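Student: For reference, this is work13.cif, and it has mmCIF, C-alpha atoms and all ligand atoms.
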```
data_target
loop_
_atom_site.label_atom_id
_atom_site.label_comp_id
_atom_site.auth_asym_id
_atom_site.auth_seq_id
_atom_site.Cartn_x
_atom_site.Cartn_y
_atom_site.Cartn_z
CA MET A 1 -45.28 -26.46 16.58
CA THR A 2 -45.22 -27.80 20.13
CA PHE A 3 -48.46 -27.33 22.01
CA SER A 4 -48.44 -24.77 24.79
CA ALA A 5 -51.12 -24.10 27.42
CA GLU A 6 -50.76 -20.44 26.40
CA GLN A 7 -52.89 -21.37 23.39
CA PHE A 8 -55.93 -21.20 25.67
CA ARG A 9 -55.25 -17.49 26.27
CA LEU A 10 -57.38 -14.90 24.45
CA ASP A 11 -55.29 -11.76 24.86
CA GLY A 12 -56.07 -9.27 22.07
CA LYS A 13 -59.30 -11.07 21.11
CA VAL A 14 -62.77 -9.52 21.19
CA ALA A 15 -65.72 -11.64 22.26
CA ILE A 16 -69.48 -11.03 22.23
CA VAL A 17 -71.53 -13.08 24.70
CA THR A 18 -75.31 -12.78 24.27
CA GLY A 19 -77.60 -13.48 27.20
CA ALA A 20 -74.81 -12.60 29.61
CA GLY A 21 -76.68 -10.09 31.74
CA GLY A 22 -79.81 -11.79 32.89
CA ARG A 23 -80.50 -13.57 36.14
CA GLY A 24 -77.74 -13.27 38.78
CA ASN A 25 -76.16 -16.71 38.58
CA SER A 26 -76.30 -17.36 34.86
CA ILE A 27 -74.27 -19.33 32.36
CA GLY A 28 -73.76 -16.21 30.23
CA ARG A 29 -72.22 -14.41 33.20
CA ALA A 30 -69.84 -17.32 33.81
CA TYR A 31 -68.90 -17.33 30.10
CA ALA A 32 -68.32 -13.55 30.04
CA LEU A 33 -66.17 -13.62 33.21
CA GLY A 34 -64.24 -16.65 31.94
CA LEU A 35 -63.46 -15.04 28.58
CA GLY A 36 -62.44 -11.83 30.38
CA ASN A 37 -60.13 -13.78 32.71
CA ALA A 38 -58.55 -15.44 29.67
CA GLY A 39 -57.66 -11.99 28.30
CA ALA A 40 -60.46 -11.22 25.84
CA ALA A 41 -62.24 -7.87 25.67
CA VAL A 42 -65.86 -8.83 26.32
CA VAL A 43 -69.09 -7.39 24.95
CA VAL A 44 -71.71 -8.32 27.54
CA ALA A 45 -75.00 -8.29 25.64
CA ASP A 46 -78.51 -8.91 26.90
CA LEU A 47 -82.13 -7.83 26.62
CA ASN A 48 -81.59 -6.88 30.26
CA ALA A 49 -79.25 -3.90 29.76
CA GLU A 50 -79.00 -3.24 33.51
CA GLY A 51 -77.90 -6.82 34.20
CA ALA A 52 -75.37 -6.60 31.35
CA LYS A 53 -73.90 -3.49 32.98
CA ASN A 54 -73.48 -5.36 36.28
CA VAL A 55 -71.56 -8.22 34.64
CA CYS A 56 -69.50 -5.73 32.63
CA ASN A 57 -68.52 -4.00 35.90
CA GLU A 58 -67.49 -7.35 37.40
CA ILE A 59 -65.14 -7.98 34.47
CA ILE A 60 -63.61 -4.51 34.74
CA ALA A 61 -63.24 -4.90 38.54
CA ALA A 62 -61.32 -8.13 37.90
CA GLY A 63 -58.88 -6.20 35.68
CA GLY A 64 -60.47 -7.03 32.32
CA LYS A 65 -61.91 -5.02 29.44
CA ALA A 66 -65.66 -4.99 28.76
CA ILE A 67 -68.62 -3.01 27.56
CA ALA A 68 -72.32 -3.66 28.17
CA VAL A 69 -74.87 -3.54 25.36
CA GLY A 70 -78.64 -3.88 25.49
CA VAL A 71 -79.80 -6.06 22.59
CA ASP A 72 -82.80 -7.95 21.34
CA ILE A 73 -81.23 -10.72 19.26
CA ALA A 74 -84.53 -11.30 17.45
CA LYS A 75 -84.35 -7.82 15.90
CA PRO A 76 -81.87 -7.33 13.03
CA GLU A 77 -81.35 -3.62 13.69
CA SER A 78 -80.70 -4.22 17.38
CA VAL A 79 -78.15 -6.92 16.50
CA ARG A 80 -76.43 -4.60 14.02
CA ASN A 81 -76.20 -1.92 16.73
CA MET A 82 -74.65 -4.46 19.14
CA VAL A 83 -72.01 -5.42 16.59
CA SER A 84 -71.27 -1.78 15.74
CA ALA A 85 -70.85 -0.98 19.44
CA ALA A 86 -68.44 -3.92 19.78
CA SER A 87 -66.45 -2.90 16.75
CA ASP A 88 -66.34 0.78 17.74
CA ALA A 89 -65.14 -0.09 21.25
CA PHE A 90 -62.58 -2.77 20.43
CA GLY A 91 -61.86 -2.56 16.66
CA GLY A 92 -63.29 -5.90 15.50
CA ILE A 93 -64.77 -9.22 16.58
CA ASP A 94 -63.10 -12.61 16.94
CA ILE A 95 -65.56 -14.61 19.04
CA LEU A 96 -69.35 -14.87 19.20
CA VAL A 97 -71.06 -16.89 21.91
CA ASN A 98 -74.74 -17.32 21.03
CA ASN A 99 -75.95 -18.00 24.57
CA ALA A 100 -79.18 -15.94 24.82
CA ALA A 101 -82.35 -18.00 24.71
CA LEU A 102 -85.82 -18.44 26.06
CA MET A 103 -85.77 -21.42 28.44
CA ALA A 104 -87.08 -21.17 32.01
CA GLU A 105 -90.01 -18.99 30.97
CA LEU A 106 -91.21 -21.66 28.54
CA GLY A 107 -92.04 -24.44 30.99
CA TYR A 108 -93.25 -27.52 29.12
CA LEU A 109 -95.51 -26.32 26.33
CA PRO A 110 -97.53 -29.10 24.65
CA ALA A 111 -96.71 -29.40 20.94
CA ALA A 112 -100.31 -30.47 20.30
CA ASP A 113 -101.68 -27.15 21.52
CA ILE A 114 -98.94 -24.54 21.23
CA SER A 115 -100.12 -21.40 19.46
CA LEU A 116 -98.40 -20.29 16.28
CA GLU A 117 -97.44 -17.04 18.04
CA GLN A 118 -95.68 -18.91 20.87
CA TRP A 119 -93.94 -21.28 18.44
CA ASN A 120 -92.74 -18.42 16.23
CA ARG A 121 -91.49 -16.41 19.20
CA ILE A 122 -89.41 -19.32 20.54
CA MET A 123 -87.87 -20.03 17.14
CA GLU A 124 -87.34 -16.29 16.55
CA VAL A 125 -85.20 -15.94 19.67
CA ASN A 126 -83.57 -19.37 20.03
CA VAL A 127 -82.80 -20.03 16.36
CA THR A 128 -83.22 -16.91 14.22
CA GLY A 129 -81.55 -14.76 16.90
CA ALA A 130 -78.41 -16.91 16.71
CA LEU A 131 -78.45 -16.71 12.90
CA LEU A 132 -78.80 -12.91 12.95
CA CYS A 133 -75.88 -12.56 15.38
CA ALA A 134 -73.73 -14.89 13.26
CA GLN A 135 -74.60 -13.04 10.05
CA ALA A 136 -73.72 -9.71 11.65
CA VAL A 137 -70.29 -10.82 12.94
CA ILE A 138 -69.11 -12.97 10.02
CA PRO A 139 -67.94 -10.00 7.86
CA LEU A 140 -65.87 -8.72 10.81
CA MET A 141 -64.41 -12.18 11.40
CA ARG A 142 -63.51 -12.41 7.70
CA ALA A 143 -61.75 -9.07 8.03
CA ARG A 144 -59.64 -10.55 10.88
CA GLY A 145 -58.82 -13.73 8.92
CA GLY A 146 -61.04 -16.04 11.00
CA GLY A 147 -63.06 -16.39 14.16
CA LYS A 148 -64.94 -18.68 16.53
CA ILE A 149 -68.68 -19.05 16.94
CA VAL A 150 -70.09 -21.12 19.79
CA ASN A 151 -73.80 -21.86 19.93
CA GLN A 152 -75.32 -22.80 23.26
CA VAL A 153 -77.59 -25.79 22.68
CA SER A 154 -78.75 -28.31 25.32
CA GLY A 155 -78.68 -31.97 26.28
CA GLY A 156 -82.45 -31.53 26.06
CA ALA A 157 -82.12 -31.72 22.26
CA PHE A 158 -80.77 -35.31 22.35
CA PRO A 159 -83.49 -36.30 21.63
CA ALA A 160 -85.77 -33.26 21.56
CA GLN A 161 -88.70 -33.89 23.88
CA SER A 162 -89.98 -30.33 24.21
CA ILE A 163 -90.52 -27.25 22.07
CA TYR A 164 -87.39 -25.84 23.69
CA GLY A 165 -85.52 -29.01 22.69
CA ILE A 166 -86.72 -28.61 19.09
CA SER A 167 -85.32 -25.07 19.01
CA LYS A 168 -81.96 -26.29 20.32
CA LEU A 169 -81.86 -29.14 17.80
CA ALA A 170 -82.41 -26.56 15.04
CA LEU A 171 -79.46 -24.63 16.49
CA VAL A 172 -77.35 -27.79 16.17
CA GLY A 173 -78.30 -27.77 12.47
CA LEU A 174 -77.24 -24.13 12.16
CA THR A 175 -73.95 -25.05 13.85
CA THR A 176 -73.03 -27.85 11.45
CA THR A 177 -74.21 -25.89 8.40
CA LEU A 178 -72.20 -22.78 9.27
CA ALA A 179 -69.20 -24.97 10.13
CA ARG A 180 -69.34 -26.64 6.73
CA GLN A 181 -69.75 -23.35 4.88
CA LEU A 182 -67.19 -21.25 6.80
CA GLY A 183 -64.41 -23.74 7.54
CA ARG A 184 -62.27 -22.65 4.60
CA GLU A 185 -62.32 -19.13 5.98
CA LYS A 186 -60.98 -20.30 9.35
CA ILE A 187 -64.25 -19.54 11.12
CA ASN A 188 -64.90 -22.43 13.51
CA VAL A 189 -68.50 -23.06 14.52
CA ASN A 190 -69.27 -25.41 17.39
CA ALA A 191 -71.92 -25.98 20.02
CA ILE A 192 -71.90 -26.67 23.74
CA ALA A 193 -74.70 -28.87 25.05
CA PRO A 194 -74.92 -28.43 28.82
CA GLY A 195 -76.73 -30.89 31.02
CA ASN A 196 -78.85 -29.69 33.92
CA VAL A 197 -77.12 -26.60 35.28
CA THR A 198 -77.78 -24.91 38.63
CA SER A 199 -78.06 -21.41 37.17
CA ASP A 200 -80.91 -19.33 38.63
CA ALA A 201 -82.92 -20.08 35.47
CA GLY A 202 -82.10 -23.79 35.68
CA LYS A 203 -83.28 -23.93 39.28
CA LEU A 204 -86.45 -22.07 38.36
CA LEU A 205 -87.26 -24.57 35.61
CA THR A 206 -86.17 -27.66 37.53
CA PRO A 207 -86.08 -27.02 41.31
CA ASP A 208 -83.83 -29.20 43.48
CA ASP A 209 -86.76 -31.37 44.58
CA SER A 210 -88.36 -31.81 41.14
CA PRO A 211 -88.85 -35.38 39.83
CA PHE A 212 -86.70 -34.51 36.80
CA VAL A 213 -83.74 -33.59 38.99
CA LYS A 214 -84.21 -36.72 41.13
CA LEU A 215 -84.20 -38.83 37.95
CA LEU A 216 -81.06 -37.11 36.65
CA GLU A 217 -79.26 -37.55 39.97
CA ALA A 218 -80.04 -41.26 39.84
CA THR A 219 -79.06 -41.84 36.20
CA VAL A 220 -76.43 -39.33 35.03
CA ALA A 221 -73.02 -41.03 34.99
CA MET A 222 -71.44 -38.63 37.50
CA ARG A 223 -74.65 -38.32 39.55
CA VAL A 224 -74.41 -34.51 39.88
CA ARG A 225 -75.82 -31.39 38.27
CA GLY A 226 -73.33 -28.81 37.02
CA ALA A 227 -72.60 -25.23 38.02
CA PRO A 228 -72.25 -22.50 35.34
CA ASP A 229 -68.47 -22.29 35.92
CA GLU A 230 -68.08 -25.95 34.95
CA LEU A 231 -68.94 -25.08 31.34
CA VAL A 232 -66.23 -22.45 30.95
CA GLY A 233 -63.32 -24.83 30.22
CA ALA A 234 -65.13 -26.21 27.17
CA LEU A 235 -65.88 -22.68 25.98
CA LEU A 236 -62.23 -21.63 26.25
CA LEU A 237 -61.15 -24.66 24.22
CA LEU A 238 -63.64 -23.82 21.46
CA CYS A 239 -62.84 -20.06 21.46
CA SER A 240 -59.04 -20.26 21.55
CA SER A 241 -56.32 -21.44 19.18
CA ALA A 242 -56.17 -24.63 21.28
CA GLY A 243 -59.35 -25.57 19.38
CA ASP A 244 -58.31 -24.46 15.91
CA TRP A 245 -58.95 -27.88 14.32
CA ILE A 246 -62.35 -28.42 15.97
CA THR A 247 -65.41 -27.40 13.99
CA GLY A 248 -68.99 -28.59 13.50
CA GLN A 249 -69.02 -30.40 16.85
CA VAL A 250 -71.42 -30.54 19.76
CA MET A 251 -69.51 -30.73 23.02
CA HIS A 252 -71.63 -32.31 25.73
CA VAL A 253 -70.72 -30.91 29.15
CA ASP A 254 -73.13 -32.70 31.41
CA GLY A 255 -71.45 -35.16 33.78
CA GLY A 256 -72.39 -38.01 31.44
CA TRP A 257 -76.09 -37.38 30.87
CA VAL A 258 -76.19 -37.71 27.07
CA LEU A 259 -73.83 -40.58 26.27
CA ARG A 260 -72.92 -40.65 22.58
CA PRO A 261 -70.46 -42.79 20.65
N1 LIG A 301 -79.62 -23.85 32.93
C1 LIG A 301 -79.60 -25.00 32.32
O1 LIG A 301 -79.83 -26.06 32.94
C2 LIG A 301 -79.31 -25.07 30.84
C3 LIG A 301 -79.12 -26.33 30.27
C4 LIG A 301 -78.84 -26.41 28.90
C5 LIG A 301 -78.75 -25.26 28.15
N2 LIG A 301 -78.96 -24.04 28.72
C6 LIG A 301 -78.84 -22.87 27.87
O2 LIG A 301 -77.85 -22.01 28.40
C7 LIG A 301 -78.15 -20.64 28.09
C8 LIG A 301 -78.16 -19.80 29.34
O3 LIG A 301 -79.03 -20.37 30.29
P1 LIG A 301 -79.19 -19.83 31.78
O4 LIG A 301 -79.55 -21.00 32.61
O5 LIG A 301 -78.03 -18.99 32.16
O6 LIG A 301 -80.52 -18.95 31.60
P2 LIG A 301 -80.80 -17.38 31.68
O7 LIG A 301 -82.29 -17.23 31.51
O8 LIG A 301 -80.18 -16.80 32.89
O9 LIG A 301 -80.07 -16.81 30.39
C9 LIG A 301 -80.73 -16.49 29.19
C10 LIG A 301 -80.45 -15.03 28.88
O10 LIG A 301 -80.94 -14.72 27.58
C11 LIG A 301 -81.47 -13.41 27.63
N3 LIG A 301 -82.40 -13.22 26.52
C12 LIG A 301 -83.63 -13.81 26.35
N4 LIG A 301 -84.19 -13.36 25.21
C13 LIG A 301 -83.31 -12.47 24.66
C14 LIG A 301 -83.33 -11.67 23.50
N5 LIG A 301 -84.39 -11.68 22.65
N6 LIG A 301 -82.26 -10.88 23.24
C15 LIG A 301 -81.21 -10.85 24.08
N7 LIG A 301 -81.14 -11.59 25.22
C16 LIG A 301 -82.18 -12.38 25.50
C17 LIG A 301 -82.15 -13.32 28.99
O11 LIG A 301 -82.34 -11.98 29.39
C18 LIG A 301 -81.15 -14.08 29.87
O12 LIG A 301 -80.18 -13.21 30.42
C19 LIG A 301 -79.46 -20.69 27.32
O13 LIG A 301 -79.19 -20.76 25.93
C20 LIG A 301 -80.08 -21.99 27.77
O14 LIG A 301 -81.01 -22.49 26.84
C21 LIG A 301 -79.23 -23.93 30.05
#
```
Now, as a test, write the supplied structure out as structure tokens.
Ligand SMILES: NC(=O)c1ccc[n+]([C@@H]2O[C@H](COP(=O)([O-])OP(=O)(O)OC[C@H]3O[C@@H](n4cnc5c(N)ncnc54)[C@H](O)[C@@H]3O)[C@@H](O)[C@H]2O)c1
Tutor:
Amino acid sequence: MTFSAEQFRLDGKVAIVTGAGGRGNSIGRAYALGLGNAGAAVVVADLNAEGAKNVCNEIIAAGGKAIAVGVDIAKPESVRNMVSAASDAFGGIDILVNNAALMAELGYLPAADISLEQWNRIMEVNVTGALLCAQAVIPLMRARGGGKIVNQVSGGAFPAQSIYGISKLALVGLTTTLARQLGREKINVNAIAPGNVTSDAGKLLTPDDSPFVKLLEATVAMRVRGAPDELVGALLLLCSSAGDWITGQVMHVDGGWVLRP
């Protein structure tokens, strides 16, 4: 078959994006709008149900199909309700983007002193939450003959130098494990590792004048931070039939921050 750019289209597909309704300028919002523009019906899911509704309305105003769902990805029943709402609205699920996470609110917690409660909470949301969402959608993907799961990790996991980085490295492990175990069923599982992104949360964690940003701007190959929209092309590749033979990979979208062979 000759390749066609139409293979990036997602018409008729149903996508869940978690963490898509939070702070105004967020990566999840860019992902949800991008998937909607590519033709997918989008389930905009977030702990912040009001924010999810706003992004849902943006997709509908742009001519797309969407619903908003309030969800706590760390709670199995809440995740099951999200998936039921998606299935009831659109008849199935083809794409899951595990984007929700704790990040800006964490700051830089010292591993030597972090409490067990804090540690467990971070892992519960950033790792277990992604597992619960994957477990809930996999039966529906099987029913459709395949699907795509994209886990949002971070350049900050290469190497992990923070508790947040540890959680994202664990999510890389979940990505490769699910990819290995689900490949035969045509369920592709990949990760996107963004560099420093100028989302509202990114700017909160690392303001423009922070030493970390100055260091990045001096050392990253392309010398610039990224905007949420600059991640969407990679997502569309991994969620569409253009990426059918890609699984178990971490795609670094970071202007050349993490350079890997
Ligand atoms: N901004 C960056 O520089 C950067 C870099 C690398 C990776 N990331 C990752 O990208 C993703 C989005 O980041 P962002 O900058 O848009 O941050 P963000 O804080 O705007 O997005 C995170 C979203 O997750 C939601 N969330 C948190 N806990 C939840 C829960 N238990 N259930 C459901 N939703 C929950 C929040 O409400 C929020 O909307 C995160 O996974 C983050 O770790 C961000």
Student: As a quick test: using only C-alpha atoms and all ligand atoms, which residues lie no more than 6 Å away from ligand LIG 301 (chain A)? Give them as a PyMOL selection string.
Tutor: chain A and resi 19-23+26-28+46-48+71-74+99-103+125+152-154+194-197+199+201-202
Student: By how many Å are CA of Ala221 (chain A) and CA of Gly155 (chain A) apart?
Tutor: 13.8 Å
Student: So that I can check the surroundings of Ala32 (chain A), please list as a tab-separated table (two decimals) with C-alpha atoms, keeping the file's coordinate frame every protein, DNA and RNA residue that reaches within 8 Å of it, counting only C-alpha atoms and ignoring chain neighbours fewer than 4 positions away.
Tutor:
```tsv
chain	number	residue	atom	x	y	z
A	17	VAL	CA	-71.53	-13.08	24.70
A	20	ALA	CA	-74.81	-12.60	29.61
A	28	GLY	CA	-73.76	-16.21	30.23
A	36	GLY	CA	-62.44	-11.83	30.38
A	42	VAL	CA	-65.86	-8.83	26.32
A	44	VAL	CA	-71.71	-8.32	27.54
A	55	VAL	CA	-71.56	-8.22	34.64
A	59	ILE	CA	-65.14	-7.98	34.47
```
Student: Which residues are near Gly248 (chain A)? Cut-off 8 Å, all atoms listed in the file, ignore same chain within fewer than 6 positions. Put them as a list in words.
Tutor: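 Selected residues are Thr175, Thr176, Thr177, Leu178, Ala179, Arg180, Asn188, Val189, Asn190 and Ala191 of chain A.
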Student: For Phe158 (chain A), which residue among A:Ala89, A:Leu35, A:Ala66, A:Val258 is the nearest when counting only C-alpha atoms?
Tutor: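 Closest to Phe158 (chain A), using only C-alpha atoms: A:Val258.
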Student: Please determine, counting all atoms listed in the file, which residue among A:Gly165, A:Val232, A:Gly91, A:Trp245 has the shortest atom-to-atom distance to Gly34 (chain A).
Tutor: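 Checking each candidate against Gly34 (chain A), we get A:Val232 as the closest.
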Student: List the neighbours of region 207-213 of chain A out to 10 Å using only C-alpha atoms; skip same-chain residues closer than 4 positions along the sequence, and give me the result as a list in words.
Tutor: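 The residues that qualify are Asn196, Thr198, Asp200, Ala201, Gly202, Lys203, Glu217, Ala218, Thr219, Val224 and Arg225 of chain A.
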Student: Can you list, as a list in words, every protein, DNA or RNA residue that comes within 10 Å of Leu140 (chain A) when you count all atoms listed in the file, leaving out same-chain residues fewer than 2 positions away?
Tutor: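 Contacts, in chain order: Val83, Ser87, Gly91, Gly92, Ile93, Asp94, Gln135, Ala136, Val137, Ile138, Arg142, Ala143, Arg144, Gly145, Gly146 and Gly147 of chain A.
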Student: Report the distance between CA of Val79 (chain A) and CA of Ala45 (chain A) in Å, rounded to one decimal place.
Tutor: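 If I compute the distance from CA of Val79 (chain A) to CA of Ala45 (chain A), I get 9.8 Å.
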Student: Could you tell me which of A:Leu109, A:Ala85, A:Phe8, A:Asn25 comes closest to Asp244 (chain A) if we count only C-alpha atoms?
Tutor: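 Going through A:Leu109, A:Ala85, A:Phe8, A:Asn25 one by one, the smallest distance to Asp244 (chain A) is for A:Phe8.
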Student: Please determine, counting all atoms listed in the file, which residue among A:Leu10, A:Leu216, A:Ile16, A:Tyr108 has the shortest atom-to-atom distance to Ala134 (chain A).
Tutor: A:Ile16
Student: Taking into account all atoms listed in the file, which residue in the set A:Phe90, A:Glu58, A:Glu105, A:Leu132 is nearest to Lys75 (chain A)?
Tutor: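 Nearest candidate to Lys75 (chain A) out of A:Phe90, A:Glu58, A:Glu105, A:Leu132: A:Leu132.
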Student: Determine the nearest neighbour of Glu185 (chain A) from the options A:Ile163, A:Ala227, A:Met1, A:Met141, counting all atoms listed in the file.
Tutor: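 That would be A:Met141, the residue with the smallest distance to Glu185 (chain A).
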Student: So the first atom is CA of Asn98 (chain A) and the second is CA of Leu131 (chain A); what is the distance between them in Å, to one decimal place?
Tutor: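 Separating CA of Asn98 (chain A) from CA of Leu131 (chain A) is a distance of 9.0 Å.
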Student: Would you compute, for all listed atoms of region 127-143 of chain A, the axis-aligned bounding box grown by 6 Å on each side, and then report its centre and edge lengths in Å rounded to one decimal, as lines of an AutoDock Vina configuration file?
Tutor:
```
center_x = -72.5
center_y = -14.4
center_z = 12.3
size_x = 33.5
size_y = 23.3
size_z = 21.2
```
